[in-house]
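Trainee: Contents of final.cif (mmCIF, C-alpha atoms):
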data_query
#
loop_
_atom_site.label_atom_id
_atom_site.label_comp_id
_atom_site.auth_asym_id
_atom_site.auth_seq_id
_atom_site.Cartn_x
_atom_site.Cartn_y
_atom_site.Cartn_z
CA MET A 1 63.48 114.67 134.27
CA SER A 2 64.57 118.21 135.21
CA PRO A 3 65.32 120.77 132.48
CA ILE A 4 68.94 120.96 133.65
CA ARG A 5 69.54 117.22 133.27
CA THR A 6 67.78 117.23 129.89
CA THR A 7 70.05 120.05 128.70
CA LEU A 8 73.13 118.21 129.91
CA ARG A 9 72.12 115.01 128.13
CA ARG A 10 71.49 116.86 124.86
CA ALA A 11 74.81 118.72 125.06
CA GLY A 12 76.67 115.51 125.81
CA LEU A 13 75.01 113.71 122.89
CA VAL A 14 75.83 116.48 120.43
CA THR A 15 79.45 116.56 121.62
CA ALA A 16 79.85 112.80 121.30
CA LEU A 17 78.34 112.66 117.81
CA THR A 18 80.42 115.58 116.55
CA ALA A 19 83.67 114.18 117.94
CA ALA A 20 82.91 110.74 116.51
CA GLY A 21 82.26 112.22 113.08
CA VAL A 22 85.52 114.17 113.11
CA LEU A 23 87.55 111.17 114.24
CA THR A 24 85.93 108.96 111.60
CA ALA A 25 86.90 111.50 108.95
CA ALA A 26 90.45 111.45 110.30
CA GLY A 27 90.61 107.70 109.91
CA ALA A 28 89.35 107.88 106.33
CA ALA A 29 91.86 110.60 105.46
CA SER A 30 94.78 108.41 106.46
CA ALA A 31 93.62 105.30 104.60
CA HIS A 32 94.15 106.10 100.94
CA VAL A 33 97.24 105.57 98.79
CA THR A 34 99.48 108.64 98.47
CA VAL A 35 102.59 109.65 96.53
CA HIS A 36 105.59 111.39 98.07
CA PRO A 37 106.90 114.02 97.69
CA GLU A 38 103.69 115.86 96.94
CA SER A 39 105.27 117.93 94.16
CA TYR A 40 108.19 118.15 91.73
CA ALA A 41 109.27 120.81 89.27
CA LYS A 42 108.11 120.35 85.69
CA GLY A 43 110.67 118.42 83.67
CA ALA A 44 112.56 117.32 86.82
CA THR A 45 115.18 114.63 86.22
CA ASP A 46 116.67 111.76 88.21
CA GLY A 47 114.24 111.66 91.12
CA VAL A 48 112.26 109.15 93.16
CA LEU A 49 108.51 108.78 93.74
CA THR A 50 107.34 106.83 96.79
CA PHE A 51 103.87 105.29 96.73
CA ARG A 52 102.67 104.75 100.31
CA VAL A 53 100.05 102.03 100.64
CA PRO A 54 98.34 101.68 104.05
CA ASN A 55 96.09 98.72 104.91
CA GLU A 56 92.60 99.88 105.90
CA GLU A 57 90.96 96.47 106.38
CA ASP A 58 90.61 94.95 109.86
CA THR A 59 90.38 91.33 108.75
CA ALA A 60 92.34 91.20 105.47
CA SER A 61 95.87 91.95 104.25
CA THR A 62 96.90 93.82 101.11
CA THR A 63 98.43 91.30 98.70
CA LYS A 64 98.59 93.19 95.41
CA VAL A 65 99.18 96.79 94.37
CA GLN A 66 98.78 98.13 90.83
CA VAL A 67 99.90 101.66 89.98
CA PHE A 68 98.99 103.06 86.57
CA LEU A 69 101.24 105.76 85.12
CA PRO A 70 99.79 108.33 82.68
CA THR A 71 100.80 107.87 79.04
CA ASP A 72 99.43 111.17 77.72
CA HIS A 73 102.09 112.87 79.85
CA PRO A 74 104.55 110.00 80.30
CA VAL A 75 107.15 109.54 83.02
CA LEU A 76 110.39 108.56 81.32
CA GLY A 77 113.17 106.26 82.47
CA VAL A 78 111.18 104.43 85.15
CA LEU A 79 113.06 101.96 87.38
CA VAL A 80 111.55 99.95 90.24
CA THR A 81 113.36 99.68 93.57
CA PRO A 82 113.37 96.07 94.87
CA GLN A 83 111.16 95.55 97.92
CA SER A 84 111.77 92.63 100.28
CA GLY A 85 109.09 89.98 99.86
CA TRP A 86 107.51 91.65 96.83
CA THR A 87 107.83 90.91 93.11
CA ALA A 88 107.35 93.74 90.61
CA LYS A 89 106.04 93.45 87.07
CA VAL A 90 106.53 96.46 84.79
CA THR A 91 104.34 97.00 81.72
CA THR A 92 105.33 99.37 78.92
CA THR A 93 103.09 100.96 76.29
CA LYS A 94 103.79 102.49 72.89
CA LEU A 95 103.22 106.23 73.06
CA LYS A 96 100.73 107.89 70.74
CA THR A 97 102.97 110.93 70.66
CA PRO A 98 106.73 110.19 70.89
CA VAL A 99 108.73 112.37 73.26
CA LYS A 100 111.91 114.06 72.05
CA THR A 101 114.76 114.22 74.55
CA ASP A 102 118.45 115.10 74.48
CA ASP A 103 119.17 111.38 74.20
CA GLY A 104 116.81 110.80 71.30
CA THR A 105 113.13 110.16 70.65
CA ILE A 106 111.24 108.01 73.17
CA THR A 107 108.46 105.88 71.68
CA GLU A 108 107.58 103.70 74.71
CA ALA A 109 107.02 104.38 78.41
CA VAL A 110 105.97 102.49 81.53
CA SER A 111 102.18 102.44 81.91
CA GLU A 112 101.71 100.06 84.86
CA ILE A 113 103.65 98.61 87.79
CA THR A 114 102.21 95.65 89.72
CA TRP A 115 103.59 94.41 93.04
CA THR A 116 102.60 90.96 94.34
CA GLY A 117 103.85 88.32 96.77
CA GLY A 118 104.02 90.39 99.95
CA ARG A 119 101.52 91.31 102.65
CA ILE A 120 100.53 94.58 104.30
CA ARG A 121 98.63 93.79 107.49
CA HIS A 122 96.11 95.87 109.43
CA GLY A 123 97.62 99.00 110.97
CA GLN A 124 100.69 98.88 108.70
CA TYR A 125 101.79 100.41 105.42
CA GLN A 126 104.32 99.68 102.67
CA ASP A 127 106.40 102.16 100.70
CA PHE A 128 107.06 101.33 97.03
CA ASP A 129 109.88 103.39 95.52
CA VAL A 130 110.02 104.21 91.80
CA ALA A 131 112.94 106.09 90.26
CA PHE A 132 112.42 108.21 87.14
CA GLY A 133 114.67 109.77 84.54
CA GLN A 134 112.45 112.68 83.60
CA LEU A 135 109.00 114.09 84.40
CA PRO A 136 106.84 115.80 81.76
CA ASP A 137 107.03 119.57 81.44
CA ASP A 138 103.65 120.08 79.78
CA ALA A 139 101.27 119.21 82.63
CA GLY A 140 100.21 120.76 85.94
CA GLN A 141 99.82 117.48 87.79
CA LEU A 142 100.03 113.71 87.34
CA ALA A 143 97.41 111.29 88.66
CA PHE A 144 98.55 107.73 89.38
CA LYS A 145 95.40 105.60 89.52
CA THR A 146 95.91 102.67 91.88
CA LEU A 147 94.18 99.35 92.60
CA GLN A 148 94.72 97.75 96.01
CA THR A 149 93.74 94.07 96.27
CA TYR A 150 93.10 92.37 99.61
CA SER A 151 93.48 88.74 100.68
CA ASP A 152 89.68 88.36 100.85
CA GLY A 153 89.32 89.35 97.18
CA ASN A 154 88.09 92.90 97.74
CA VAL A 155 89.66 95.65 95.63
CA ALA A 156 90.02 99.30 96.70
CA ARG A 157 90.01 101.51 93.59
CA TRP A 158 91.93 104.73 94.17
CA ILE A 159 91.08 106.19 90.78
CA GLU A 160 89.12 109.41 91.30
CA GLU A 161 90.93 112.61 90.36
CA THR A 162 90.54 115.68 92.55
CA GLN A 163 89.28 118.68 90.64
CA LYS A 164 91.27 121.86 91.13
CA GLY A 165 89.71 123.83 93.97
CA GLY A 166 87.21 121.05 94.68
CA GLU A 167 86.77 118.68 97.60
CA GLU A 168 88.73 115.46 97.79
CA PRO A 169 86.71 112.54 96.35
CA GLU A 170 85.89 109.40 98.31
CA ASN A 171 88.47 107.27 96.48
CA PRO A 172 91.21 109.72 95.46
CA ALA A 173 94.05 108.72 93.17
CA PRO A 174 97.59 109.67 94.27
CA VAL A 175 98.38 113.02 92.66
CA LEU A 176 101.78 114.63 92.06
CA ALA A 177 101.72 118.40 91.54
CA LEU A 178 104.11 119.75 88.91
CA THR A 179 105.36 123.24 89.73
CA ALA A 180 107.07 125.83 87.57
CA LYS A 181 110.66 124.98 86.69
CA GLY A 182 113.06 126.13 89.36
CA ALA A 183 110.39 126.30 92.05
CA ALA A 184 111.18 124.57 95.32
CA GLU A 185 109.34 121.35 96.08
CA THR A 186 106.36 121.89 98.35
CA GLY A 187 105.80 118.31 99.43
CA SER A 188 106.06 118.08 103.20
CA ASP A 189 107.05 114.44 102.99
CA ALA A 190 109.81 114.77 100.36
CA GLU A 191 111.94 111.70 100.37
CA SER A 192 115.10 110.84 98.51
CA GLY A 193 114.08 107.27 97.83
CA ALA A 194 114.85 105.40 101.03
CA GLY A 195 111.19 105.07 102.02
CA SER A 196 110.42 103.16 105.21
CA SER A 197 108.25 100.04 104.94
CA THR A 198 106.42 97.59 107.13
CA ASP A 199 105.82 93.89 107.37
CA SER A 200 106.22 92.61 103.83
CA GLY A 201 105.55 88.97 104.56
CA SER A 202 107.59 86.05 103.30
CA GLY A 203 105.09 84.79 100.72
CA SER A 204 105.84 84.90 96.99
CA ASP A 205 103.73 84.83 93.85
CA SER A 206 105.24 82.32 91.47
CA GLY A 207 102.69 83.19 88.77
CA SER A 208 103.87 86.77 88.33
CA ASP A 209 106.34 87.79 85.64
CA THR A 210 109.00 90.19 86.85
CA SER A 211 110.66 93.08 85.13
CA SER A 212 112.70 94.03 88.18
CA ALA A 213 114.85 91.79 90.31
CA SER A 214 113.43 90.24 93.45
CA SER A 215 114.58 92.18 96.48
CA SER A 216 117.91 91.58 98.15
CA SER A 217 117.50 94.52 100.52
CA PRO A 218 117.14 93.91 104.28
CA ALA A 219 113.73 93.12 105.71
CA PRO A 220 111.67 96.26 106.41
CA ALA A 221 110.83 97.47 109.87
CA THR A 222 107.46 96.53 111.31
CA GLY A 223 104.83 98.13 113.51
CA ASN A 224 104.50 101.51 111.80
CA SER A 225 100.95 102.81 112.03
CA ALA A 226 99.33 103.99 108.79
CA SER A 227 97.66 106.88 110.57
CA SER A 228 100.97 108.29 111.76
CA SER A 229 101.89 109.13 108.17
CA ASP A 230 99.03 111.52 107.57
CA SER A 231 99.25 114.97 109.14
CA THR A 232 95.70 115.72 108.00
CA ALA A 233 94.38 112.90 110.14
CA ARG A 234 96.24 114.24 113.17
CA GLY A 235 94.80 117.70 112.56
CA LEU A 236 91.28 116.33 112.36
CA GLY A 237 91.82 114.38 115.57
CA ILE A 238 92.87 117.55 117.38
CA ALA A 239 89.81 119.31 115.98
CA GLY A 240 87.64 116.55 117.44
CA LEU A 241 89.13 117.10 120.88
CA VAL A 242 88.53 120.85 120.61
CA VAL A 243 84.90 120.21 119.69
CA GLY A 244 84.56 117.95 122.71
CA VAL A 245 85.93 120.58 125.06
CA LEU A 246 83.59 123.22 123.64
CA GLY A 247 80.64 120.86 124.10
CA LEU A 248 81.50 120.24 127.73
CA GLY A 249 81.84 123.99 128.28
CA ALA A 250 78.36 124.54 126.85
CA ALA A 251 76.97 121.87 129.15
CA ALA A 252 78.59 123.48 132.20
CA PHE A 253 77.18 126.88 131.19
CA ALA A 254 73.70 125.38 130.91
CA LEU A 255 74.02 123.83 134.38
CA VAL A 256 75.07 127.10 136.01
CA ARG A 257 72.36 129.04 134.21
CA GLY A 258 69.73 126.50 135.31
CA ARG A 259 70.79 126.75 138.93
CA ASN A 260 70.66 130.57 138.82
CA THR A 261 67.17 130.45 137.30
CA GLY A 262 66.01 128.04 140.00
CA SER A 263 67.34 130.34 142.70
#
Could you spell out this file's structure in structure tokens?

Mentor:
Amino acid sequence: MSPIRTTLRRAGLVTALTAAGVLTAAGAASAHVTVHPESYAKGATDGVLTFRVPNEEDTASTTKVQVFLPTDHPVLGVLVTPQSGWTAKVTTTKLKTPVKTDDGTITEAVSEITWTGGRIRHGQYQDFDVAFGQLPDDAGQLAFKTLQTYSDGNVARWIEETQKGGEEPENPAPVLALTAKGAAETGSDAESGAGSSTDSGSGSDSGSDTSSASSSSPAPATGNSASSSDSTARGLGIAGLVVGVLGLGAAAFALVRGRNTGS
């Protein structure tokens, strides 16, 4: 095999492997559970948090979602928005340190919300909206550890907290940044509570206790791709294309240089 053809094959292989790695990273970035908006001011009142749950399995559907709320820095006045096809169970916990508010002292807060009965199929996501009365003012961020159960019994554990200034872990928990009071929200996906959702399924879980009413809202829209909700994934995809173009340019340069040397 001529040196030129060998060079071309090597350049093509490097380009393909690099692009594949970048695109794989893009897919992984769009798969985990996230909370929107990405930030709120410390002590914010009367807002909505949307937990976006994409389905990353090719052969199984998401059938159960458990979101754990921190109790060391509790979220007060939690209310669950009904979701069509899903049943919510809300668990409260007695606080070790009661929280004093203008309306009195709070001794209990919601520690877990579990949604069952619906289905999130491959290539789709579901938004779960949670209203709150007040966020804590003594923390820099809140991590909402989440368990995502699939129809085949597998459980995705989104429970790892990202260290400040560090790389994102493999199974990151949804994190809400709390900014200084009066600062504008920085979340690029800030939503007022009317989060879009996908195929919820018509199944129900008769064994689940409910603390919020079963949904009477209209059926959610279908066909939304989970990857379309993650701007990071799109950016990585573009980076992969750029890498591919650079690789092809290097191959063309090697071809021209080889021809000139032969001449």

Trainee: Find the residues near stretch 65-71 of chain A: any atom within 6 Å, counting only C-alpha atoms, skip ones fewer than 4 places away on the same chain, and give them as a ChimeraX atom specification.

Mentor: /A:111-115,144-148

Trainee: Give me a file of those residues, with C-alpha atoms, as a short mmCIF file (atom, residue, chain, number, x, y, z; two decimals), keeping the file's coordinate frame.

Mentor:
data_model
loop_
_atom_site.label_atom_id
_atom_site.label_comp_id
_atom_site.auth_asym_id
_atom_site.auth_seq_id
_atom_site.Cartn_x
_atom_site.Cartn_y
_atom_site.Cartn_z
CA SER A 111 102.18 102.44 81.91
CA GLU A 112 101.71 100.06 84.86
CA ILE A 113 103.65 98.61 87.79
CA THR A 114 102.21 95.65 89.72
CA TRP A 115 103.59 94.41 93.04
CA PHE A 144 98.55 107.73 89.38
CA LYS A 145 95.40 105.60 89.52
CA THR A 146 95.91 102.67 91.88
CA LEU A 147 94.18 99.35 92.60
CA GLN A 148 94.72 97.75 96.01
#

Trainee: Could you give me, as an MDAnalysis selection string, the residues within 7 Å of A:Lys94, counting all atoms listed in the file and dropping anything in the same chain fewer than 4 positions from it?

Mentor: chainID A and resid 107:109

Trainee: Can I get the selected residues back with C-alpha atoms, as a PDB file, keeping the file's coordinate frame?

Mentor:
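Dumped to again29.pdb:
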ATOM      1  CA  THR A 107     108.460 105.880  71.680  1.00  0.00           C
ATOM      2  CA  GLU A 108     107.580 103.700  74.710  1.00  0.00           C
ATOM      3  CA  ALA A 109     107.020 104.380  78.410  1.00  0.00           C
TER       4      ALA A 109
END

Trainee: For the provided coordinates, the residues matched by the PyMOL selection byres ((chain A and resi 99-103) around 10) should be stated as a list in words.

Mentor: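 When the PyMOL selection byres ((chain A and resi 99-103) around 10) is applied, the selected residues are His73, Pro74, Leu76, Leu95, Lys96, Thr97, Pro98, Gly104, Thr105, Ile106, Thr107, Glu108, Ala109, Gln134 and Pro136 of chain A.
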
Trainee: If I take atom CA of A:Lys64 and atom CA of A:Glu167, how far is one from the other in Å, to one decimal?

Mentor: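 About the pair atom CA of A:Lys64 and atom CA of A:Glu167: they are 28.2 Å apart.
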
Trainee: Provide the atom CA of A:Asp129 to atom CA of A:Phe51 distance in Å, to one decimal place.

Mentor: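 Rounded to one decimal, the two atoms are 6.4 Å apart.
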
Trainee: Go through A:Glu160, A:Glu56, A:Asp137, A:Asp127 and flag the residue nearest A:Ala177, using all atoms listed in the file for the distances.

Mentor: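 Smallest distance to A:Ala177 is found for A:Asp137.
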
Trainee: What's around A:Ala143 at 7 Å? Count all atoms listed in the file, leave out sequence neighbours fewer than 3 positions away in its own chain, and write the answer as a ChimeraX atom specification.

Mentor: /A:161,173-176

Trainee: I'd like to know which of A:Tyr40, A:Val75, A:Gly140, A:Asp58 is closest to A:His122, using only C-alpha atoms.

Mentor: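 For A:His122, the nearest of the given residues is A:Asp58.
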
Trainee: Given all atoms listed in the file as the basis, pick out the residue of A:Thr116, A:Ala131, A:Asp72, A:Gly153 nearest to A:Lys89.

Mentor: A:Thr116

Trainee: One decimal, in Å: what's the spacing between atom CA of A:Pro54 and atom CA of A:Val90?

Mentor: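 Here the two named atoms are 21.6 Å from each other.
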
Trainee: Please, what is the axis-aligned box for every listed atom of stretch 45-56 of chain A with 6 Å on each side, as centre and edge lengths in Å to one decimal, as AutoDock Vina command-line options?

Mentor:
--center_x 104.6 --center_y 106.7 --center_z 96.1 --size_x 36.1 --size_y 27.9 --size_z 31.7

Trainee: On this structure, the PyMOL selection byres ((chain A and resi 151) around 6) would catch which residues? List them as a count of residues only, sorted by chain and number.

Mentor: 6

Trainee: May I ask which of the residues A:Lys42, A:Arg157, A:Lys181, A:His32 is the closest one to A:Gln141, counting all atoms listed in the file?

Mentor: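 Of A:Lys42, A:Arg157, A:Lys181, A:His32, the one nearest A:Gln141 is A:Lys42, counting all atoms listed in the file.
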
Trainee: Which of these residues is nearest to A:Leu135, using all atoms listed in the file: A:Trp86, A:Val33, A:Leu178, A:Glu57?

Mentor: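 Looking at the shortest contact to A:Leu135, the residue is A:Leu178.
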
Trainee: Could you check the closest approach to A:Val110 for each of A:Ala31, A:Val130, A:Ala139, A:Val78 and tell me which residue wins, using all atoms listed in the file?

Mentor: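 The shortest atom-to-atom distance to A:Val110 comes from A:Val78.
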